Amino acid sequence: MKNRPPALAPIGQARRGLSFIFCLLACLGLSPWAHAQGAMELAKTRHCLSCHAVDKKVVGPSYLDVAIKYSKDPLAKDRLAHKIIHGGSGSWGVIPMPANPQVSVEESKTLSTWILQLKAP
Ligand code: HEC
């Protein structure tokens with residue numbers, strides 16, 4: 001008698017493979033949502049939302065207006081990330097945005113990416 005592998009082993013393997021794929025799909029599907037949640041939290045904890053709201057002007061422009069204004073500008077992500085950290089004025093009026101040295105370069109990119117992908121419901 002030869003030693004044969006248990007007949008069910010291949011099925012078990014296939015199952016593991018499948019659940020890996022499902023997990024991958026689920027993670028990919030959920031990540032934009034998780035990303036948006038994370039960025040919103042970041043905007044809160046970095047005090048952006050004391051001057052900004054997603055859908056209305058406060059001291060600074062609404063983030064939806066920012067997204068619309070730069071929707072055709074491929075360099076906007078980096079420019080806005082820079083401005084988030086260093087502040088500036090003149091894009092929306094005379095009120096300047098103060099510098100935000102508490103924001104890291106990586107965080108500034110997360111925030112600018114998030115702002116630029118916002119869409120009116
Ligand atoms: C004290 C108020 C204030 C705070 C705090 C603030 N902003 Fe602003 N923000 C402004 C003002 C005012 C403008 C308009 C500046 C201009 O006209 O160039 C602005 C503009 C912007 C713009 C558009 C820039 C452009 O060139 O079009 C972005 C993006 C932005 N803010 C993101 C942020 C983020 C992210 C944070 C938090 C890290 C933040 N802001 C914190 C007041 C603020």
# chains A, B, ... in the order shown; residues from 1 in each chain; ligands from 1
>>> residues_near_ligand(ligand="ligand 1", cutoff="8 Å", atoms="only C-alpha atoms and all ligand atoms", output="PyMOL selection string")
chain A and resi 43-44+46-52+59-61+63+66+69-70+79-81+83-85+87-100+102-103+108+111-112+115
>>> closest_residue(among="A:His86, A:Gly38, A:Lys57, A:Leu64", to="A:Lys119", atoms="only C-alpha atoms")
A:Leu64
>>> closest_residue(among="A:Val105, A:Asp55, A:Gln37, A:Thr113", to="A:Leu75", atoms="only C-alpha atoms")
A:Thr113
>>> closest_residue(among="A:Met40, A:Thr45, A:Pro121, A:Leu116", to="A:Lys72", atoms="only C-alpha atoms")
A:Leu116
>>> atom_distance(atom1="atom CA of A:His82", atom2="atom CA of A:Ile68")
18.6 Å
>>> atom_distance(atom1="atom CA of A:Ser62", atom2="atom CA of A:Ser104")
21.9 Å
>>> atom_distance(atom1="atom CA of A:Lys56", atom2="atom CA of A:His35")
21.7 Å
